[in-house]
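Engineer: One file: protein-v1.txt (compact mmCIF, C-alpha atoms).
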```txt
# COMPACT_ATOMS: atom_id res chain seq x y z
CA MET A 24 6.28 -13.89 -22.81
CA ALA A 25 3.20 -13.04 -20.76
CA LYS A 26 0.92 -10.48 -22.36
CA ILE A 27 -1.68 -8.60 -20.31
CA ILE A 28 -4.92 -8.37 -22.29
CA LYS A 29 -6.88 -6.74 -19.48
CA ALA A 30 -5.25 -4.94 -16.55
CA GLY A 31 -6.61 -3.93 -13.14
CA ILE A 32 -6.04 -0.72 -11.23
CA SER A 33 -2.51 0.61 -10.86
CA LYS A 34 -0.21 -0.33 -8.02
CA ALA A 35 -0.14 3.29 -6.87
CA ALA A 36 -3.92 3.44 -6.62
CA SER A 37 -3.98 0.19 -4.68
CA GLN A 38 -1.35 1.49 -2.26
CA GLU A 39 -3.38 4.65 -1.70
CA VAL A 40 -6.38 2.55 -0.70
CA ASP A 41 -4.17 0.50 1.63
CA ALA A 42 -2.88 3.64 3.33
CA ARG A 43 -6.40 4.87 4.07
CA VAL A 44 -7.34 1.48 5.50
CA ARG A 45 -4.26 1.44 7.77
CA GLN A 46 -5.04 4.87 9.20
CA THR A 47 -8.69 4.03 9.87
CA VAL A 48 -7.85 0.76 11.58
CA GLU A 49 -5.13 2.30 13.73
CA SER A 50 -7.45 4.96 15.13
CA ILE A 51 -10.25 2.46 15.86
CA LEU A 52 -7.94 0.00 17.64
CA GLU A 53 -6.61 2.80 19.82
CA ASP A 54 -10.16 3.88 20.64
CA VAL A 55 -11.19 0.37 21.71
CA ALA A 56 -8.00 -0.04 23.73
CA GLN A 57 -8.73 3.19 25.60
CA ARG A 58 -12.51 3.07 26.05
CA GLY A 59 -13.40 -0.62 25.80
CA ASP A 60 -17.12 -1.41 25.77
CA VAL A 61 -18.11 2.23 25.30
CA ALA A 62 -16.08 2.49 22.11
CA VAL A 63 -17.30 -0.88 20.84
CA ARG A 64 -20.93 0.14 21.29
CA GLU A 65 -20.42 3.50 19.57
CA LEU A 66 -18.64 1.85 16.65
CA SER A 67 -21.34 -0.80 16.31
CA GLU A 68 -24.02 1.91 16.23
CA ARG A 69 -22.01 3.90 13.70
CA PHE A 70 -21.15 1.11 11.26
CA ASP A 71 -23.93 -1.45 11.76
CA LYS A 72 -26.78 0.55 13.35
CA TRP A 73 -26.71 -2.13 16.06
CA SER A 74 -26.82 -1.53 19.82
CA PRO A 75 -28.58 -4.37 21.70
CA ALA A 76 -28.69 -4.63 25.46
CA ASP A 77 -26.00 -7.31 25.22
CA PHE A 78 -23.90 -8.15 22.17
CA ARG A 79 -23.48 -11.71 23.44
CA LEU A 80 -26.34 -14.08 22.63
CA SER A 81 -27.81 -16.02 25.54
CA GLN A 82 -28.36 -19.75 25.30
CA GLY A 83 -32.08 -19.10 25.05
CA GLU A 84 -31.61 -16.73 22.13
CA ILE A 85 -29.39 -19.26 20.37
CA GLU A 86 -31.97 -22.02 20.80
CA GLU A 87 -34.71 -19.73 19.52
CA ILE A 88 -32.65 -18.93 16.41
CA LEU A 89 -31.96 -22.63 15.79
CA ALA A 90 -35.66 -23.39 16.06
CA SER A 91 -36.51 -20.70 13.53
CA LEU A 92 -34.57 -22.38 10.70
CA PRO A 93 -35.96 -25.03 8.33
CA GLU A 94 -34.95 -28.60 9.10
CA GLN A 95 -33.23 -28.83 5.69
CA THR A 96 -30.98 -25.88 6.59
CA ILE A 97 -29.89 -27.57 9.81
CA THR A 98 -29.24 -30.80 7.89
CA ASP A 99 -27.15 -28.97 5.30
CA LEU A 100 -25.11 -27.19 7.96
CA LYS A 101 -24.43 -30.46 9.75
CA PHE A 102 -23.36 -32.11 6.48
CA ALA A 103 -20.88 -29.32 5.69
CA GLN A 104 -19.48 -29.39 9.22
CA ALA A 105 -19.08 -33.15 9.07
CA GLN A 106 -16.87 -32.79 5.99
CA VAL A 107 -14.73 -30.08 7.62
CA ARG A 108 -14.46 -32.12 10.82
CA ARG A 109 -13.52 -35.32 8.99
CA PHE A 110 -10.65 -33.66 7.12
CA ALA A 111 -9.47 -31.75 10.23
CA GLU A 112 -9.43 -35.00 12.23
CA ALA A 113 -7.28 -36.65 9.57
CA GLN A 114 -4.90 -33.69 9.72
CA ARG A 115 -4.75 -33.84 13.52
CA GLN A 116 -3.89 -37.53 13.44
CA ALA A 117 -0.96 -36.71 11.16
CA ILE A 118 0.54 -34.36 13.78
CA GLN A 119 2.52 -36.42 16.27
CA ASP A 120 4.38 -35.64 19.48
CA VAL A 121 8.07 -36.53 19.31
CA ALA A 122 10.54 -37.93 21.86
CA VAL A 123 13.98 -39.05 20.72
CA GLU A 124 17.25 -40.01 22.46
CA THR A 125 19.77 -37.98 20.45
CA LEU A 126 22.73 -39.03 22.61
CA PRO A 127 22.93 -41.62 25.40
CA GLY A 128 20.88 -40.13 28.22
CA VAL A 129 19.70 -37.07 26.23
CA ILE A 130 15.95 -37.05 25.60
CA LEU A 131 14.60 -34.27 23.37
CA GLY A 132 11.00 -33.92 22.36
CA HIS A 133 8.12 -31.75 21.33
CA LYS A 134 4.47 -31.64 22.26
CA ASN A 135 1.57 -30.16 20.30
CA ILE A 136 -0.53 -28.13 22.73
CA PRO A 137 -3.78 -26.40 21.70
CA VAL A 138 -4.04 -22.63 22.06
CA ASN A 139 -6.18 -21.92 25.14
CA SER A 140 -8.57 -19.35 23.63
CA ILE A 141 -9.35 -18.04 20.17
CA GLY A 142 -11.55 -15.41 18.60
CA CYS A 143 -13.26 -16.46 15.36
CA TYR A 144 -14.41 -13.67 13.08
CA VAL A 145 -17.18 -14.72 10.71
CA PRO A 146 -17.78 -12.04 8.04
CA GLY A 147 -21.22 -10.74 7.25
CA GLY A 148 -22.40 -7.47 5.83
CA ARG A 149 -23.73 -8.05 2.33
CA TYR A 150 -23.62 -11.85 2.64
CA PRO A 151 -23.92 -14.11 5.70
CA MET A 152 -20.63 -16.02 5.47
CA VAL A 153 -22.03 -19.12 7.14
CA ALA A 154 -19.25 -21.43 5.99
CA SER A 155 -16.58 -19.38 7.75
CA ALA A 156 -18.04 -20.59 11.04
CA HIS A 157 -17.34 -24.20 10.06
CA MET A 158 -13.81 -23.45 8.97
CA SER A 159 -12.65 -21.82 12.18
CA ILE A 160 -14.87 -23.15 14.96
CA VAL A 161 -15.10 -26.82 13.93
CA THR A 162 -11.37 -26.97 13.19
CA ALA A 163 -10.54 -25.36 16.54
CA ARG A 164 -12.71 -27.88 18.38
CA VAL A 165 -10.89 -30.75 16.66
CA ALA A 166 -7.59 -29.20 17.77
CA GLY A 167 -8.81 -29.06 21.38
CA VAL A 168 -9.12 -25.30 21.97
CA LYS A 169 -10.80 -24.74 25.36
CA ARG A 170 -12.51 -21.36 24.75
CA ILE A 171 -13.88 -20.36 21.36
CA VAL A 172 -15.35 -16.87 20.97
CA ALA A 173 -17.23 -16.14 17.73
CA CYS A 174 -18.29 -12.76 16.35
CA THR A 175 -20.40 -11.91 13.32
CA PRO A 176 -22.15 -8.66 12.33
CA PRO A 177 -25.92 -8.23 12.29
CA MET A 178 -27.86 -8.41 9.04
CA HIS A 179 -30.86 -6.19 8.44
CA GLY A 180 -30.94 -5.22 12.10
CA LYS A 181 -30.92 -8.69 13.65
CA PRO A 182 -28.65 -11.70 14.17
CA PRO A 183 -28.00 -13.72 10.98
CA ALA A 184 -29.84 -16.92 11.88
CA ALA A 185 -27.95 -19.40 9.69
CA THR A 186 -24.56 -18.05 10.79
CA VAL A 187 -25.52 -18.22 14.45
CA ALA A 188 -26.75 -21.79 13.92
CA ALA A 189 -23.44 -22.74 12.31
CA MET A 190 -21.53 -21.19 15.22
CA ALA A 191 -23.63 -23.04 17.78
CA LEU A 192 -23.57 -26.38 15.94
CA GLY A 193 -19.83 -26.00 15.39
CA GLY A 194 -19.20 -25.67 19.12
CA ALA A 195 -18.56 -21.98 19.88
CA HIS A 196 -18.57 -21.23 23.60
CA GLU A 197 -19.48 -17.53 23.26
CA ILE A 198 -21.38 -15.94 20.37
CA TYR A 199 -21.49 -12.18 19.86
CA ILE A 200 -23.40 -10.23 17.24
CA LEU A 201 -20.65 -7.74 16.56
CA GLY A 202 -18.86 -6.93 13.34
CA GLY A 203 -15.87 -5.29 11.73
CA ILE A 204 -12.80 -3.80 13.34
CA GLN A 205 -14.63 -3.34 16.63
CA ALA A 206 -15.31 -7.08 16.89
CA VAL A 207 -11.71 -8.04 16.16
CA ALA A 208 -10.43 -5.39 18.57
CA ALA A 209 -12.80 -6.48 21.35
CA MET A 210 -11.74 -10.12 21.05
CA ALA A 211 -8.04 -9.33 20.95
CA LEU A 212 -7.85 -6.53 23.53
CA GLY A 213 -10.76 -7.46 25.76
CA THR A 214 -13.37 -5.09 27.14
CA GLY A 215 -15.27 -4.81 30.38
CA THR A 216 -17.64 -7.57 29.27
CA MET A 217 -15.41 -9.70 27.04
CA ALA A 218 -12.21 -11.42 28.18
CA PRO A 219 -9.39 -11.24 25.62
CA VAL A 220 -8.39 -14.23 23.53
CA ASP A 221 -4.95 -15.56 22.69
CA MET A 222 -5.41 -15.78 18.92
CA LEU A 223 -7.57 -14.34 16.14
CA VAL A 224 -8.72 -16.40 13.17
CA GLY A 225 -11.03 -16.04 10.21
CA PRO A 226 -11.29 -14.08 6.97
CA GLY A 227 -12.69 -10.61 6.46
CA ASN A 228 -12.55 -7.48 4.35
CA ALA A 229 -9.51 -5.25 4.01
CA TYR A 230 -10.27 -3.54 7.33
CA VAL A 231 -10.53 -6.79 9.27
CA ALA A 232 -7.32 -8.11 7.68
CA GLU A 233 -5.51 -4.87 8.54
CA ALA A 234 -6.82 -5.00 12.12
CA LYS A 235 -5.41 -8.51 12.49
CA ARG A 236 -2.09 -7.34 11.07
CA GLN A 237 -1.84 -4.47 13.53
CA LEU A 238 -2.89 -6.67 16.47
CA PHE A 239 -0.39 -9.41 15.66
CA GLY A 240 2.08 -9.66 18.51
CA ARG A 241 -0.45 -8.77 21.16
CA VAL A 242 -2.30 -11.87 19.99
CA GLY A 243 -1.55 -14.56 17.48
CA ILE A 244 -3.28 -14.68 14.12
CA ASP A 245 -3.90 -17.47 11.66
CA LEU A 246 -2.89 -15.49 8.58
CA LEU A 247 -3.79 -12.31 6.73
CA ALA A 248 -6.90 -13.45 4.89
CA GLY A 249 -8.29 -10.32 3.27
CA PRO A 250 -10.51 -9.82 0.20
CA THR A 251 -10.84 -13.08 -1.68
CA GLU A 252 -8.89 -13.84 -4.87
CA VAL A 253 -9.37 -16.30 -7.70
CA LEU A 254 -6.99 -17.29 -10.46
CA VAL A 255 -8.18 -19.50 -13.31
CA VAL A 256 -5.44 -21.16 -15.35
CA ALA A 257 -6.83 -22.50 -18.61
CA ASP A 258 -5.78 -23.84 -21.98
CA GLU A 259 -7.67 -24.31 -25.25
CA THR A 260 -9.69 -27.19 -23.78
CA ALA A 261 -11.55 -24.83 -21.42
CA ASP A 262 -14.71 -22.97 -22.37
CA ALA A 263 -15.42 -19.31 -21.77
CA GLU A 264 -18.72 -19.89 -19.99
CA MET A 265 -17.09 -21.92 -17.24
CA VAL A 266 -14.11 -19.59 -16.93
CA ALA A 267 -16.30 -16.49 -16.68
CA THR A 268 -18.68 -18.17 -14.23
CA ASP A 269 -15.84 -19.16 -11.93
CA LEU A 270 -14.21 -15.73 -12.12
CA LEU A 271 -17.43 -13.87 -11.31
CA GLY A 272 -18.29 -16.40 -8.61
CA GLN A 273 -15.48 -14.88 -6.53
CA ALA A 274 -15.66 -11.33 -7.85
CA GLU A 275 -19.13 -11.03 -6.28
CA HIS A 276 -17.57 -11.18 -2.80
CA GLY A 277 -16.72 -7.50 -2.84
CA PRO A 278 -15.51 -4.59 -4.95
CA THR A 279 -11.82 -5.28 -4.20
CA SER A 280 -11.75 -9.02 -4.96
CA PRO A 281 -9.23 -9.84 -7.72
CA ALA A 282 -10.25 -12.32 -10.44
CA VAL A 283 -7.59 -13.26 -12.97
CA LEU A 284 -7.38 -15.54 -16.00
CA VAL A 285 -4.01 -16.88 -17.15
CA THR A 286 -4.33 -18.79 -20.40
CA THR A 287 -2.30 -20.21 -23.25
CA SER A 288 -5.20 -19.48 -25.62
CA PRO A 289 -5.62 -15.95 -27.04
CA THR A 290 -9.02 -17.03 -28.34
CA LEU A 291 -10.19 -18.09 -24.89
CA ALA A 292 -8.90 -14.80 -23.46
CA GLN A 293 -11.09 -12.73 -25.79
CA GLU A 294 -14.09 -15.04 -25.47
CA THR A 295 -13.87 -14.87 -21.68
CA ILE A 296 -13.87 -11.06 -21.66
CA GLN A 297 -16.99 -11.13 -23.85
CA GLU A 298 -18.64 -13.81 -21.72
CA VAL A 299 -17.97 -11.91 -18.50
CA ALA A 300 -19.66 -8.88 -20.01
CA ARG A 301 -22.66 -11.02 -20.98
CA GLN A 302 -22.99 -12.66 -17.59
CA LEU A 303 -22.78 -9.31 -15.84
CA THR A 304 -26.03 -8.34 -17.56
CA ILE A 305 -27.89 -11.18 -15.81
CA LEU A 306 -25.94 -11.93 -12.60
CA PRO A 307 -27.95 -10.82 -9.54
CA THR A 308 -24.76 -9.68 -7.81
CA ALA A 309 -23.46 -7.77 -10.83
CA ASP A 310 -23.52 -4.48 -8.92
CA ILE A 311 -20.54 -5.72 -6.90
CA ALA A 312 -18.95 -8.18 -9.32
CA SER A 313 -18.80 -5.60 -12.12
CA ILE A 314 -16.79 -3.19 -9.98
CA SER A 315 -14.43 -5.93 -8.86
CA TRP A 316 -13.93 -7.10 -12.45
CA ARG A 317 -13.46 -3.56 -13.73
CA ASP A 318 -10.87 -2.58 -11.11
CA TYR A 319 -9.18 -5.86 -10.17
CA GLY A 320 -9.91 -8.26 -13.05
CA GLN A 321 -7.03 -9.29 -15.31
CA VAL A 322 -6.58 -11.49 -18.37
CA ILE A 323 -3.04 -12.67 -19.15
CA VAL A 324 -1.98 -14.71 -22.19
CA VAL A 325 1.15 -16.86 -21.89
CA ASP A 326 3.09 -18.92 -24.40
CA SER A 327 3.23 -22.25 -22.55
CA LEU A 328 2.10 -24.20 -19.52
CA ALA A 329 5.53 -23.66 -17.97
CA GLU A 330 5.04 -19.89 -18.31
CA ALA A 331 1.55 -20.27 -16.85
CA VAL A 332 3.13 -21.88 -13.77
CA GLN A 333 5.55 -18.95 -13.51
CA GLU A 334 2.73 -16.40 -13.68
CA ALA A 335 0.59 -18.33 -11.23
CA ASP A 336 3.44 -18.58 -8.73
CA ARG A 337 4.20 -14.87 -9.19
CA LEU A 338 0.59 -13.97 -8.36
CA ALA A 339 0.49 -16.46 -5.44
CA PHE A 340 -3.30 -16.31 -5.26
CA GLU A 341 -5.67 -17.64 -2.64
CA HIS A 342 -7.76 -19.87 -4.92
CA VAL A 343 -6.33 -21.36 -8.12
CA GLU A 344 -8.54 -23.30 -10.52
CA ILE A 345 -6.83 -25.44 -13.16
CA LEU A 346 -8.94 -25.89 -16.30
CA THR A 347 -6.43 -27.61 -18.56
CA ALA A 348 -6.08 -30.97 -20.26
CA ASP A 349 -3.57 -32.09 -17.59
CA PRO A 350 -4.39 -30.41 -14.26
CA HIS A 351 -1.84 -32.52 -12.38
CA TYR A 352 0.97 -30.73 -14.22
CA PHE A 353 0.21 -27.75 -11.98
CA LEU A 354 -0.09 -29.87 -8.84
CA GLU A 355 3.42 -31.14 -9.57
CA HIS A 356 4.98 -27.80 -10.50
CA MET A 357 3.20 -24.95 -8.71
CA THR A 358 4.46 -23.84 -5.29
CA ASN A 359 2.52 -20.67 -4.41
CA TYR A 360 -1.23 -21.03 -3.81
CA GLY A 361 -3.71 -21.19 -0.96
CA ALA A 362 -5.85 -23.97 -2.41
CA LEU A 363 -5.71 -25.74 -5.76
CA PHE A 364 -8.82 -26.92 -7.62
CA LEU A 365 -7.92 -29.51 -10.21
CA GLY A 366 -10.11 -29.98 -13.27
CA LYS A 367 -13.45 -28.73 -14.51
CA GLU A 368 -15.43 -30.99 -12.18
CA THR A 369 -14.51 -29.01 -9.07
CA ASN A 370 -14.57 -25.28 -8.30
CA VAL A 371 -13.88 -22.69 -5.62
CA ALA A 372 -17.49 -22.73 -4.39
CA TYR A 373 -17.08 -26.37 -3.31
CA GLY A 374 -14.04 -25.43 -1.26
CA ASP A 375 -15.69 -22.32 0.13
CA LYS A 376 -18.85 -24.01 1.31
CA VAL A 377 -18.90 -27.73 1.78
CA ILE A 378 -16.24 -30.13 0.54
CA GLY A 379 -14.10 -30.12 3.69
CA THR A 380 -10.85 -28.31 2.93
CA ASN A 381 -10.53 -25.02 4.79
CA HIS A 382 -11.51 -21.82 3.01
CA THR A 383 -9.57 -19.40 5.21
CA LEU A 384 -6.59 -18.97 2.92
CA PRO A 385 -3.66 -16.59 2.31
CA THR A 386 -4.25 -13.55 0.11
CA ARG A 387 -2.15 -10.73 -1.34
CA GLY A 388 0.88 -12.91 -2.02
CA ALA A 389 1.04 -14.54 1.41
CA ALA A 390 0.83 -17.95 -0.27
CA ARG A 391 4.54 -17.47 -0.98
CA TYR A 392 5.26 -18.31 2.67
CA THR A 393 2.18 -19.83 4.31
CA GLY A 394 -0.72 -22.15 3.71
CA GLY A 395 -4.26 -21.65 4.91
CA LEU A 396 -6.04 -22.26 8.19
CA TRP A 397 -5.88 -25.86 9.35
CA VAL A 398 -5.94 -27.79 12.59
CA GLY A 399 -2.21 -27.24 13.05
CA LYS A 400 -2.69 -23.47 13.28
CA PHE A 401 -4.43 -23.98 16.62
CA LEU A 402 -1.54 -26.02 18.03
CA LYS A 403 1.68 -24.76 19.58
CA THR A 404 4.57 -27.12 18.93
CA VAL A 405 6.70 -26.69 22.05
CA THR A 406 9.93 -28.46 22.93
CA TYR A 407 11.37 -30.00 26.10
CA GLN A 408 14.59 -31.68 27.18
CA GLU A 409 15.58 -34.09 29.92
CA ILE A 410 19.02 -35.67 30.45
CA THR A 411 20.91 -37.88 32.87
CA ALA A 412 23.83 -36.76 35.05
CA GLU A 413 26.28 -38.55 32.76
CA ALA A 414 24.82 -36.84 29.70
CA SER A 415 24.93 -33.48 31.48
CA VAL A 416 28.68 -33.88 31.84
CA LEU A 417 29.08 -34.76 28.15
CA VAL A 418 26.95 -31.86 26.93
CA GLY A 419 28.25 -29.50 29.62
CA GLU A 420 31.88 -29.75 28.52
CA TYR A 421 30.96 -28.70 24.98
CA CYS A 422 28.60 -26.01 26.26
CA SER A 423 31.20 -24.51 28.61
CA ARG A 424 33.73 -24.08 25.82
CA LEU A 425 31.17 -22.70 23.36
CA CYS A 426 29.91 -20.15 25.90
CA ALA A 427 33.48 -18.99 26.54
CA LEU A 428 33.96 -18.65 22.78
CA GLU A 429 31.06 -16.18 22.70
CA GLY A 430 31.90 -14.41 25.96
CA PHE A 431 28.68 -15.50 27.69
CA TRP A 432 30.13 -16.06 31.15
CA GLY A 433 26.79 -16.43 32.88
CA HIS A 434 25.82 -19.09 30.39
CA LYS A 435 29.19 -20.79 30.93
CA GLU A 436 28.60 -20.91 34.67
CA GLN A 437 25.34 -22.77 34.13
CA ALA A 438 27.32 -25.51 32.40
CA ASP A 439 30.23 -25.40 34.85
CA LEU A 440 27.90 -25.76 37.84
CA ARG A 441 26.62 -29.04 36.42
CA LEU A 442 30.18 -30.18 35.72
CA ARG A 443 31.19 -29.46 39.33
CA ARG A 444 28.14 -31.29 40.62
CA TYR A 445 28.29 -34.35 38.41
CA LYS A 446 32.00 -34.65 37.53
CA PRO A 447 34.18 -32.23 39.52
CA GLU A 448 37.37 -33.11 37.62
CA ALA A 449 35.73 -31.95 34.37
CA VAL A 450 35.83 -28.23 35.30
CA GLN A 451 37.85 -26.38 32.71
CA GLU A 452 40.71 -24.02 33.46
CA GLY A 453 40.07 -20.34 32.95
CA GLY A 454 36.76 -20.11 34.81
CA ARG A 455 35.13 -16.76 34.22
```
Taking this structure as input, can you express it in the form of structure tokens?

Structural biologist:
Amino acid sequence: MAKIIKAGISKAASQEVDARVRQTVESILEDVAQRGDVAVRELSERFDKWSPADFRLSQGEIEEILASLPEQTITDLKFAQAQVRRFAEAQRQAIQDVAVETLPGVILGHKNIPVNSIGCYVPGGRYPMVASAHMSIVTARVAGVKRIVACTPPMHGKPPAATVAAMALGGAHEIYILGGIQAVAAMALGTGTMAPVDMLVGPGNAYVAEAKRQLFGRVGIDLLAGPTEVLVVADETADAEMVATDLLGQAEHGPTSPAVLVTTSPTLAQETIQEVARQLTILPTADIASISWRDYGQVIVVDSLAEAVQEADRLAFEHVEILTADPHYFLEHMTNYGALFLGKETNVAYGDKVIGTNHTLPTRGAARYTGGLWVGKFLKTVTYQEITAEASVLVGEYCSRLCALEGFWGHKEQADLRLRRYKPEAVQEGGR
């Protein structure tokens, strides 16, 4: 039976935070919907102390920012984007259009059509989330999206150079230095100076995730990717230093980022708690990671690997690291996760920054029903049908009777019209 050695904040406290976030987001979205650019500018001044003449960067400004970066930085960005592009291209090749003759003369099919326009939110604030530009923009370009709008907040009163470079190198068509709810709202709803998009993608804090949730329906969204999560599943073969390092490596994202250890080893559980405390005395980002660990960190001891799978699937976390003697046991048995990291040689940072799999992943239990961002998220799988006159008679006779069964007389007439046109003697008695 699972035993919680360290618990996070209560469910009630978490729900109270969620309620405050919902109310704040609702009021800001309404403000942007009503006042457009004026509201966006006021919100940017209020939250980011940022009010340039134009939030959109010109091509000249983009080129100047690119030129300001070291050559090694540009090389590194291109390397990371090449990995993301390579994997996205392989995924795209796996998605095929379909056309099949299901009955003589009946052709049914589907096509995969790219979304026309998307808005990519690239988080900033404390950290420039450069890699998020690769994950959304590069993947969208591989899918064939025609218009890609990218927004990121300013840092220290100016555009974050590396993030802007990643956006430009990735292929964004419009780049705005604009953050938070106001950026998401502007992209989704449109303003006087920004045309609305069809879909929002990208991770963000709780406010950005809530804004996407409330805007869903007016626009599409990739998924609700809120504050990051990490689950480490470990047995007695793991060591506390690695477990603690990998937990704190995600906890530093923000004060509401859950980091959880599930282990079959009570000894490792206690050693990890001690090691986390030690590392927090030297970690440069301990001011944030310590709050996250205090409020959202958990350590759970289980009796077996099978029970570890059950706990991991119950949590359904975004990132799941497997530090056990047989990592593939979890690949074969787990069903709820955003991304799985198998063995001590890999880690979440690889997935977040450079290896090629997408880092925009489901959080807060959404892994129970969806995977993360991938090239397929930017494609609409739409169907079509085409049949011969002879097939129309065959299908129409069944359709006419089934429509009558349900009382849909207008539907029935659609079928009967084809029967009269293509085989008059096939019209059924009873009409309407």

Engineer: Take CA of Asp258 (chain A) and CA of Thr386 (chain A) and report the distance between them in Å, one decimal.

Structural biologist: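 Interatomic distance here is 24.4 Å.
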
Engineer: Region 135-139 of chain A: which residues within 9 Å, counting only C-alpha atoms, same-chain residues fewer than 3 positions away excluded, as a tab-separated table (two decimals) with C-alpha atoms, in the coordinates of the input?

Structural biologist:
```
chain	number	residue	atom	x	y	z
A	118	ILE	CA	0.54	-34.36	13.78
A	119	GLN	CA	2.52	-36.42	16.27
A	120	ASP	CA	4.38	-35.64	19.48
A	163	ALA	CA	-10.54	-25.36	16.54
A	166	ALA	CA	-7.59	-29.20	17.77
A	167	GLY	CA	-8.81	-29.06	21.38
A	168	VAL	CA	-9.12	-25.30	21.97
A	169	LYS	CA	-10.80	-24.74	25.36
A	170	ARG	CA	-12.51	-21.36	24.75
A	171	ILE	CA	-13.88	-20.36	21.36
A	220	VAL	CA	-8.39	-14.23	23.53
A	221	ASP	CA	-4.95	-15.56	22.69
A	222	MET	CA	-5.41	-15.78	18.92
A	399	GLY	CA	-2.21	-27.24	13.05
A	400	LYS	CA	-2.69	-23.47	13.28
A	401	PHE	CA	-4.43	-23.98	16.62
A	402	LEU	CA	-1.54	-26.02	18.03
A	403	LYS	CA	1.68	-24.76	19.58
A	404	THR	CA	4.57	-27.12	18.93
A	405	VAL	CA	6.70	-26.69	22.05
A	406	THR	CA	9.93	-28.46	22.93
```

Engineer: Compare A:Met152, A:Ala248, A:Ile378, A:Ile51 by their minimum atom-to-atom distance to Phe102 (chain A), counting all atoms listed in the file, and give me the closest one.

Structural biologist: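 For Phe102 (chain A), the nearest of the given residues is A:Ile378.
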
Engineer: Which residues are near Leu284 (chain A)? Cut-off 10 Å, only C-alpha atoms, ignore same chain within fewer than 4 positions. Put them as a list in words.

Structural biologist: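 Skipping anything fewer than 4 positions along the chain leaves Ile27, Ile28, Lys29, Val253, Leu254, Val255, Val256, Ala257, Val266, Ala267, Leu270, Leu291, Ala292, Thr295, Ile296, Gly320, Gln321, Val322, Ile323, Val324, Ala335, Val343 and Glu344 of chain A.
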
Engineer: Based on the selection just made, write C-alpha atoms of those residues as an mmCIF file, in the coordinates of the input.

Structural biologist:
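Dumped everything to part_16.cif:
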```cif
data_model
loop_
_atom_site.group_PDB
_atom_site.id
_atom_site.type_symbol
_atom_site.label_atom_id
_atom_site.label_comp_id
_atom_site.auth_asym_id
_atom_site.auth_seq_id
_atom_site.Cartn_x
_atom_site.Cartn_y
_atom_site.Cartn_z
ATOM 1 C CA ILE A 27 -1.680 -8.600 -20.310
ATOM 2 C CA ILE A 28 -4.920 -8.370 -22.290
ATOM 3 C CA LYS A 29 -6.880 -6.740 -19.480
ATOM 4 C CA VAL A 253 -9.370 -16.300 -7.700
ATOM 5 C CA LEU A 254 -6.990 -17.290 -10.460
ATOM 6 C CA VAL A 255 -8.180 -19.500 -13.310
ATOM 7 C CA VAL A 256 -5.440 -21.160 -15.350
ATOM 8 C CA ALA A 257 -6.830 -22.500 -18.610
ATOM 9 C CA VAL A 266 -14.110 -19.590 -16.930
ATOM 10 C CA ALA A 267 -16.300 -16.490 -16.680
ATOM 11 C CA LEU A 270 -14.210 -15.730 -12.120
ATOM 12 C CA LEU A 291 -10.190 -18.090 -24.890
ATOM 13 C CA ALA A 292 -8.900 -14.800 -23.460
ATOM 14 C CA THR A 295 -13.870 -14.870 -21.680
ATOM 15 C CA ILE A 296 -13.870 -11.060 -21.660
ATOM 16 C CA GLY A 320 -9.910 -8.260 -13.050
ATOM 17 C CA GLN A 321 -7.030 -9.290 -15.310
ATOM 18 C CA VAL A 322 -6.580 -11.490 -18.370
ATOM 19 C CA ILE A 323 -3.040 -12.670 -19.150
ATOM 20 C CA VAL A 324 -1.980 -14.710 -22.190
ATOM 21 C CA ALA A 335 0.590 -18.330 -11.230
ATOM 22 C CA VAL A 343 -6.330 -21.360 -8.120
ATOM 23 C CA GLU A 344 -8.540 -23.300 -10.520
#
```

Engineer: In Å to one decimal, how far is CA of Val207 (chain A) from CA of Ala282 (chain A)?

Structural biologist: 27.0 Å

Engineer: Please measure the separation of CA of Gly361 (chain A) and CA of Gly394 (chain A), giving the value in Å to one decimal.

Structural biologist: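 Spanning CA of Gly361 (chain A) to CA of Gly394 (chain A) is a straight-line distance of 5.6 Å.
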
Engineer: Calculated over all atoms listed in the file, which of the candidates A:Val153, A:Ala90, A:Val61, A:Ile141 has the smallest distance to Gly243 (chain A)?

Structural biologist: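 The shortest atom-to-atom distance to Gly243 (chain A) comes from A:Ile141.
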
Engineer: Would you mind listing what lies within 8 Å of region 365-368 of chain A as a PyMOL selection string, with only C-alpha atoms counted and same-chain residues fewer than 5 positions away left out?

Structural biologist: chain A and resi 344-347+350-351+354

Engineer: Go through A:Asp77, A:Asp336, A:Glu259, A:Asp54 one by one, measure the shortest atom-to-atom distance of each to Tyr392 (chain A) using all atoms listed in the file, and give the residue with the smallest value.

Structural biologist: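 With all atoms listed in the file as the atom set, the closest residue is A:Asp336.
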
Engineer: Kindly provide the residues of region 45-83 of chain A that approach region 210-214 of chain A to within 9 Å, each paired with its closest atom pair and their distance in Å to one decimal, based on all atoms listed in the file, listed by chain and increasing number, as JSON lines.

Structural biologist:
```
{"residue": "A:Leu52", "atom": "CA", "partner": "A:Leu212", "partner_atom": "CA", "distance": 8.8}
{"residue": "A:Val55", "atom": "CA", "partner": "A:Leu212", "partner_atom": "CA", "distance": 7.9}
{"residue": "A:Ala56", "atom": "CA", "partner": "A:Leu212", "partner_atom": "CA", "distance": 6.5}
{"residue": "A:Arg58", "atom": "CA", "partner": "A:Thr214", "partner_atom": "CA", "distance": 8.3}
{"residue": "A:Gly59", "atom": "CA", "partner": "A:Thr214", "partner_atom": "CA", "distance": 4.7}
{"residue": "A:Asp60", "atom": "CA", "partner": "A:Thr214", "partner_atom": "CA", "distance": 5.4}
{"residue": "A:Val61", "atom": "CA", "partner": "A:Thr214", "partner_atom": "CA", "distance": 8.9}
{"residue": "A:Val63", "atom": "CA", "partner": "A:Thr214", "partner_atom": "CA", "distance": 8.5}
```
